[in-house]
Structures are given as C-alpha cells and as structure tokens.
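The data block below is run_30.csv; it holds CSV, C-alpha atoms.
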```csv
chain,number,residue,atom,x,y,z
A,1,ALA,CA,-6.6,4.9,-20.6
A,2,GLN,CA,-8.6,1.7,-20.9
A,3,SER,CA,-12.3,1.4,-21.0
A,4,VAL,CA,-14.9,-1.2,-21.6
A,5,ALA,CA,-18.4,-0.4,-22.9
A,6,GLN,CA,-21.4,-2.7,-22.5
A,7,PRO,CA,-24.0,-0.7,-24.3
A,8,GLU,CA,-27.2,-2.4,-23.2
A,9,ASP,CA,-28.4,-2.3,-19.6
A,10,GLN,CA,-30.6,-5.4,-20.0
A,11,VAL,CA,-30.8,-8.2,-22.5
A,12,ASN,CA,-34.1,-10.1,-22.7
A,13,VAL,CA,-34.2,-13.4,-24.6
A,14,ALA,CA,-36.6,-16.3,-24.8
A,15,GLU,CA,-35.4,-19.7,-23.5
A,16,GLY,CA,-33.9,-21.7,-26.4
A,17,ASN,CA,-33.1,-18.6,-28.4
A,18,PRO,CA,-29.5,-17.4,-29.1
A,19,LEU,CA,-28.1,-15.1,-26.5
A,20,THR,CA,-25.7,-12.2,-27.3
A,21,VAL,CA,-24.2,-9.8,-24.8
A,22,LYS,CA,-22.2,-7.0,-26.4
A,23,CYS,CA,-18.8,-5.6,-25.4
A,24,THR,CA,-16.5,-3.1,-27.0
A,25,TYR,CA,-13.2,-1.9,-25.7
A,26,SER,CA,-11.1,1.2,-26.1
A,27,VAL,CA,-7.5,0.6,-25.4
A,28,SER,CA,-4.2,1.0,-27.2
A,29,GLY,CA,-2.2,-2.1,-28.0
A,30,ASN,CA,-3.4,-5.7,-27.8
A,31,PRO,CA,-5.6,-6.2,-24.8
A,32,TYR,CA,-6.5,-9.3,-22.8
A,33,LEU,CA,-10.3,-9.7,-22.7
A,34,PHE,CA,-12.4,-11.6,-20.1
A,35,TRP,CA,-16.1,-12.4,-19.5
A,36,TYR,CA,-17.5,-13.0,-16.0
A,37,VAL,CA,-20.9,-13.8,-14.7
A,38,GLN,CA,-22.5,-12.9,-11.4
A,39,TYR,CA,-25.5,-14.6,-9.9
A,40,PRO,CA,-27.5,-12.9,-7.1
A,41,ASN,CA,-25.6,-12.5,-3.9
A,42,ARG,CA,-22.5,-14.2,-5.3
A,43,GLY,CA,-19.1,-13.2,-6.5
A,44,LEU,CA,-18.1,-13.2,-10.1
A,45,GLN,CA,-17.4,-16.4,-12.0
A,46,PHE,CA,-14.9,-16.6,-14.8
A,47,LEU,CA,-16.4,-17.6,-18.1
A,48,LEU,CA,-13.7,-17.2,-20.8
A,49,LYS,CA,-10.9,-15.1,-22.0
A,50,TYR,CA,-9.1,-14.0,-25.1
A,51,ILE,CA,-5.3,-13.6,-25.1
A,52,THR,CA,-4.2,-14.4,-28.7
A,53,GLY,CA,-4.9,-16.9,-31.5
A,54,ASP,CA,-8.3,-18.0,-32.7
A,55,ASN,CA,-10.8,-15.2,-32.6
A,56,LEU,CA,-13.6,-17.6,-31.4
A,57,VAL,CA,-13.1,-18.5,-27.8
A,58,LYS,CA,-15.1,-21.3,-26.0
A,59,GLY,CA,-15.7,-21.1,-22.3
A,60,SER,CA,-17.8,-22.5,-19.5
A,61,TYR,CA,-21.5,-23.5,-19.6
A,62,GLY,CA,-21.7,-23.4,-23.4
A,63,PHE,CA,-20.7,-19.8,-23.7
A,64,GLU,CA,-18.3,-18.5,-26.4
A,65,ALA,CA,-17.1,-15.1,-27.5
A,66,GLU,CA,-15.8,-13.6,-30.7
A,67,PHE,CA,-12.9,-11.2,-30.7
A,68,ASN,CA,-13.0,-8.7,-33.5
A,69,LYS,CA,-10.0,-6.5,-33.6
A,70,SER,CA,-11.1,-4.1,-36.3
A,71,GLN,CA,-14.4,-3.4,-34.4
A,72,THR,CA,-12.7,-3.6,-31.0
A,73,SER,CA,-15.4,-5.9,-29.8
A,74,PHE,CA,-15.6,-9.1,-27.8
A,75,HIS,CA,-19.3,-10.2,-27.8
A,76,LEU,CA,-20.4,-13.0,-25.6
A,77,LYS,CA,-22.7,-15.6,-27.2
A,78,LYS,CA,-24.6,-18.7,-26.4
A,79,PRO,CA,-26.5,-20.7,-29.1
A,80,SER,CA,-29.5,-21.7,-26.9
A,81,ALA,CA,-30.2,-19.7,-23.7
A,82,LEU,CA,-31.4,-21.4,-20.5
A,83,VAL,CA,-33.5,-19.8,-17.7
A,84,SER,CA,-30.5,-20.5,-15.4
A,85,ASP,CA,-28.4,-18.1,-17.6
A,86,SER,CA,-30.3,-15.2,-16.1
A,87,ALA,CA,-27.6,-13.2,-14.3
A,88,LEU,CA,-25.3,-10.2,-14.5
A,89,TYR,CA,-22.6,-10.4,-17.1
A,90,PHE,CA,-19.4,-8.4,-17.0
A,91,CYS,CA,-16.8,-7.8,-19.8
A,92,ALA,CA,-13.3,-6.8,-18.6
A,93,VAL,CA,-10.0,-5.8,-20.2
A,94,ARG,CA,-6.5,-6.0,-19.0
A,95,LEU,CA,-3.5,-4.4,-20.8
A,96,PRO,CA,-0.6,-6.7,-21.4
A,97,TYR,CA,1.8,-4.1,-20.0
A,98,GLY,CA,1.9,-1.3,-17.5
A,99,ASN,CA,-0.1,-1.8,-14.3
A,100,ASN,CA,-2.0,-4.9,-15.6
A,101,ARG,CA,-5.1,-3.5,-14.0
A,102,LEU,CA,-8.4,-5.2,-14.8
A,103,ALA,CA,-11.1,-2.8,-15.9
A,104,PHE,CA,-14.7,-3.9,-15.9
A,105,GLY,CA,-17.7,-2.8,-18.0
A,106,LYS,CA,-20.8,-1.7,-16.1
A,107,GLY,CA,-22.4,-5.1,-16.6
A,108,ASN,CA,-25.4,-6.4,-18.5
A,109,GLN,CA,-28.4,-8.0,-16.8
A,110,VAL,CA,-29.6,-11.0,-18.9
A,111,VAL,CA,-33.1,-12.2,-18.4
A,112,VAL,CA,-34.1,-15.4,-20.0
A,113,ILE,CA,-37.8,-15.8,-20.3
A,114,PRO,CA,-39.3,-19.2,-20.0
B,115,LYS,CA,-9.2,-26.8,-4.5
B,116,ALA,CA,-11.0,-24.5,-2.2
B,117,GLY,CA,-12.2,-21.3,-3.7
B,118,VAL,CA,-11.5,-17.7,-2.5
B,119,THR,CA,-13.1,-17.2,0.9
B,120,GLN,CA,-14.1,-13.9,2.5
B,121,THR,CA,-15.1,-13.1,6.0
B,122,PRO,CA,-17.4,-11.9,7.3
B,123,ARG,CA,-20.1,-12.2,4.6
B,124,TYR,CA,-22.3,-9.5,6.1
B,125,LEU,CA,-21.4,-6.5,8.2
B,126,ILE,CA,-23.3,-3.5,9.6
B,127,LYS,CA,-21.4,-0.6,10.9
B,128,THR,CA,-22.1,3.0,11.9
B,129,ARG,CA,-20.7,6.1,10.3
B,130,GLY,CA,-17.3,7.0,11.7
B,131,GLN,CA,-16.4,3.5,12.7
B,132,GLN,CA,-13.7,1.4,11.0
B,133,VAL,CA,-13.9,-2.1,9.5
B,134,THR,CA,-11.6,-4.8,8.5
B,135,LEU,CA,-12.4,-7.4,5.9
B,136,SER,CA,-10.5,-10.6,5.3
B,137,CYS,CA,-9.7,-12.6,2.2
B,138,SER,CA,-8.1,-16.0,1.8
B,139,PRO,CA,-7.0,-16.7,-1.8
B,140,ILE,CA,-7.0,-20.0,-3.6
B,141,SER,CA,-4.0,-22.1,-2.5
B,142,GLY,CA,-1.0,-21.2,-4.7
B,143,HIS,CA,-2.4,-17.9,-5.8
B,144,ARG,CA,-0.1,-15.0,-4.8
B,145,SER,CA,-2.0,-12.1,-6.1
B,146,VAL,CA,-5.0,-10.6,-4.3
B,147,SER,CA,-7.1,-7.8,-5.6
B,148,TRP,CA,-10.0,-5.9,-4.0
B,149,TYR,CA,-13.0,-4.4,-5.7
B,150,GLN,CA,-16.0,-2.3,-4.6
B,151,GLN,CA,-19.3,-3.0,-6.2
B,152,THR,CA,-22.2,-0.6,-6.0
B,153,PRO,CA,-25.3,-0.3,-8.2
B,154,GLY,CA,-24.3,3.2,-9.2
B,155,GLN,CA,-20.6,2.9,-9.9
B,156,GLY,CA,-20.4,-0.8,-10.8
B,157,LEU,CA,-17.1,-2.6,-10.1
B,158,GLN,CA,-14.3,-0.4,-9.1
B,159,PHE,CA,-10.8,-1.5,-8.5
B,160,LEU,CA,-9.4,-0.7,-5.0
B,161,PHE,CA,-5.9,-2.3,-5.0
B,162,GLU,CA,-3.8,-5.4,-5.7
B,163,TYR,CA,-1.2,-7.1,-3.6
B,164,PHE,CA,1.5,-9.5,-4.6
B,165,SER,CA,4.1,-10.9,-2.4
B,166,GLU,CA,3.0,-8.7,0.5
B,167,THR,CA,3.5,-5.5,-1.6
B,168,GLN,CA,0.8,-3.3,-3.0
B,169,ARG,CA,1.3,-3.3,-6.8
B,170,ASN,CA,-1.7,-1.3,-8.0
B,171,LYS,CA,-4.0,1.2,-6.5
B,172,GLY,CA,-7.3,2.6,-7.7
B,173,ASN,CA,-8.8,6.0,-7.1
B,174,PHE,CA,-10.0,5.7,-3.6
B,175,PRO,CA,-9.2,7.9,-0.6
B,176,GLY,CA,-6.6,7.0,1.9
B,177,ARG,CA,-9.3,5.8,4.3
B,178,PHE,CA,-9.1,2.6,2.2
B,179,SER,CA,-6.1,0.5,2.9
B,180,GLY,CA,-5.0,-3.1,2.7
B,181,ARG,CA,-2.2,-5.5,3.4
B,182,GLN,CA,-1.1,-9.0,2.5
B,183,PHE,CA,0.5,-11.5,4.7
B,184,SER,CA,3.2,-14.0,3.9
B,185,ASN,CA,0.6,-16.8,3.4
B,186,SER,CA,-1.0,-14.5,0.7
B,187,ARG,CA,-4.1,-13.9,2.9
B,188,SER,CA,-5.2,-10.3,2.6
B,189,GLU,CA,-7.1,-7.8,4.7
B,190,MET,CA,-8.8,-4.6,3.7
B,191,ASN,CA,-9.5,-1.8,6.1
B,192,VAL,CA,-11.8,1.2,5.8
B,193,SER,CA,-11.5,3.9,8.5
B,194,THR,CA,-14.0,6.6,9.3
B,195,LEU,CA,-16.8,4.9,7.5
B,196,GLU,CA,-19.2,7.0,5.4
B,197,LEU,CA,-22.7,6.1,4.2
B,198,GLY,CA,-21.3,5.9,0.6
B,199,ASP,CA,-19.0,3.1,1.6
B,200,SER,CA,-22.0,0.8,1.7
B,201,ALA,CA,-21.2,-1.8,-1.0
B,202,LEU,CA,-20.3,-5.3,-1.8
B,203,TYR,CA,-16.5,-5.7,-1.4
B,204,LEU,CA,-15.1,-8.5,-3.6
B,205,CYS,CA,-11.7,-10.1,-3.3
B,206,ALA,CA,-10.1,-11.9,-6.2
B,207,SER,CA,-7.0,-14.0,-6.5
B,208,ARG,CA,-4.8,-15.1,-9.4
B,209,THR,CA,-1.5,-16.9,-9.8
B,210,ARG,CA,0.2,-13.8,-11.2
B,211,GLN,CA,2.0,-15.7,-13.8
B,212,GLY,CA,1.1,-13.1,-16.3
B,213,PRO,CA,-1.6,-10.6,-17.3
B,214,GLY,CA,-3.5,-13.2,-19.1
B,215,ASP,CA,-4.3,-15.2,-16.0
B,216,GLU,CA,-7.9,-14.9,-14.9
B,217,GLN,CA,-9.0,-13.8,-11.5
B,218,TYR,CA,-11.1,-16.0,-9.2
B,219,PHE,CA,-13.6,-14.1,-7.0
B,220,GLY,CA,-14.8,-14.7,-3.5
B,221,PRO,CA,-18.5,-14.4,-2.6
B,222,GLY,CA,-18.0,-10.9,-1.2
B,223,THR,CA,-18.6,-9.0,2.0
B,224,ARG,CA,-21.8,-7.0,2.1
B,225,LEU,CA,-21.0,-3.8,4.1
B,226,THR,CA,-23.9,-1.6,5.2
B,227,VAL,CA,-23.1,1.7,6.9
B,228,THR,CA,-25.9,3.3,8.9
```
With the file now loaded, output its structure as structure tokens.
Amino acid sequence: AQSVAQPEDQVNVAEGNPLTVKCTYSVSGNPYLFWYVQYPNRGLQFLLKYITGDNLVKGSYGFEAEFNKSQTSFHLKKPSALVSDSALYFCAVRLPYGNNRLAFGKGNQVVVIP
Amino acid sequence: KAGVTQTPRYLIKTRGQQVTLSCSPISGHRSVSWYQQTPGQGLQFLFEYFSETQRNKGNFPGRFSGRQFSNSRSEMNVSTLELGDSALYLCASRTRQGPGDEQYFGPGTRLTVT
C-alpha cells in the first residue's frame, strides 16, 4: 500500500521568512514524488517532481524540494515566502510499477502573514 | 496550449438524480483521471482512462462511472445521487509516457446535492 503523510494541518509563516511544508511517504520501492498547490476555487497546479538523480529539485515560483530516502521525506521549501503563496499544498506519490496510481496527502494550508 | 477544461463549473442536483460531468484534456494528452475532493476525505482517486479504456479504479461504488472518447475527452457519471456526493470533482490529464509524468488539473466541477 502507498501512503503520504503531511503531518501539519496549517503552516503559518511571516512574509519574507523561509517556508517549509513537510511530507513523508510510506511505500516500498523507489517512488515518484510530486508537489501540487491549490488556490481557492481552482484546480491543482503542478509545482515540481522527483524521479531520480539530484535530491534537491527546483520547481515553479521559486519552490524547491529535498528528497531524503533514508527519512522517506520530500519536504517542500521556499527561501522567502510571499503573501501570494498562501494556498493549499499537496504532496503526492506514484509507484513506478503496478497501477501507477497517484496518491495524495491530506494537504497543508499555508498562511503567509504580511 | 489550452489547459484542461471541465464543464459545467457548478452544478446543483437533487438526491436521486444523476449527473454527467465533462473533461477535455490538454491537446496530446491521452490519459484522463478523475478525483473527488471533499474537506473531510481530501483528494480521492476515482478512475483513470487511457485510450478509451479504464486502467485504474478507486474505491467508489458502482454509481460512479466514466468513459473516454476517441479524442481523449472524458465524461464522468454519478447515478442516484446522495448528499455525500457533494464535492469538487477534478479532472487531470497527462501524456502517459510513464509514471513520472505529472498530471495537469482542470478547475473542477463543484457539485452540490440537496
């Protein structure tokens, strides 16, 4: 079974401060990992993904994520948060075999305080 | 390229009725997936279609069904609607070149069942 955990319900951060949204996964094998963002009344937007290679992945809007195999984590980071980064963030995992289903975490609400 | 489009954007139905939602994927994308998003359950996978064939199916009752046409457009049908079916239904497309390809989401259809 595959599962994704996003342990925090809400992340509050002051504008200009570093932003971190945590994600851990529980799968066997080598997973493919994704981050998506959802703004109010919108669909999900793709931010970045990890397939293989460099553990630090750079994505859209200044976001990056670090893959840590030993800790089975894929935390999303941004060096300096903007008010416009306030949104719902989802981590997802897809197994590279089997049914290739994409499983999402429950999401983290990020609030950037001006 | 135009993004994933979904119609209608909003829908209000009565218990017991049925509903059909439509999704047009990004041009060239052959895989279409459907998700149900609710505050309590988060994002839940419904099914995925590729080349007019259902490839994956989530844990939803048989009242939920879908199909894909030769132009990759997809429809989702829910029969005998229940109050619990009220949700945001998201469609996503990808090229299906491999499990590492990201999905692109439409804006969703907000279904309210009264």
Inset, instruction - Compile the contact shell of region 43-56 of chain A as number ranges by chain: residues with an atom at most 7 Å away, counting only C-alpha atoms, same-chain residues fewer than 3 positions apart removed. - result: A: 32-38, 59-60, 64-68; B: 204, 214, 218-222
Legend entry - Length of the CA of Asn191 (chain B) to CA of Phe159 (chain B) vector [Å]: 14.7 Å
Inset, instruction - Compile the residues of chain B that lie within 12 Å of chain A, evaluated using only C-alpha atoms, and express the compilation as a ChimeraX atom specification. - result: /B:117-120,123-124,145,147-163,168-172,201-208,210-224
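Coordinates place CA of Ser179 (chain B) at a distance of 20.7 Å from CA of His143 (chain B).
Coordinates place CA of Arg129 (chain B) at a distance of 19.7 Å from CA of Gly180 (chain B).
With only the atoms specified (all atoms listed in the file) counting, those residues at most 10 Å away from (2.8, -11.1, 4.5) are Tyr163, Phe164, Ser165, Glu166, Thr167, Arg181, Gln182, Phe183, Ser184, Asn185, Ser186, Arg187 and Ser188 of chain B.
Using only C-alpha atoms for every distance, the candidate list A:Ser80, A:Asn108, A:Asn17, A:Ser86 yields A:Asn108 as the residue closest to Ala5 (chain A).
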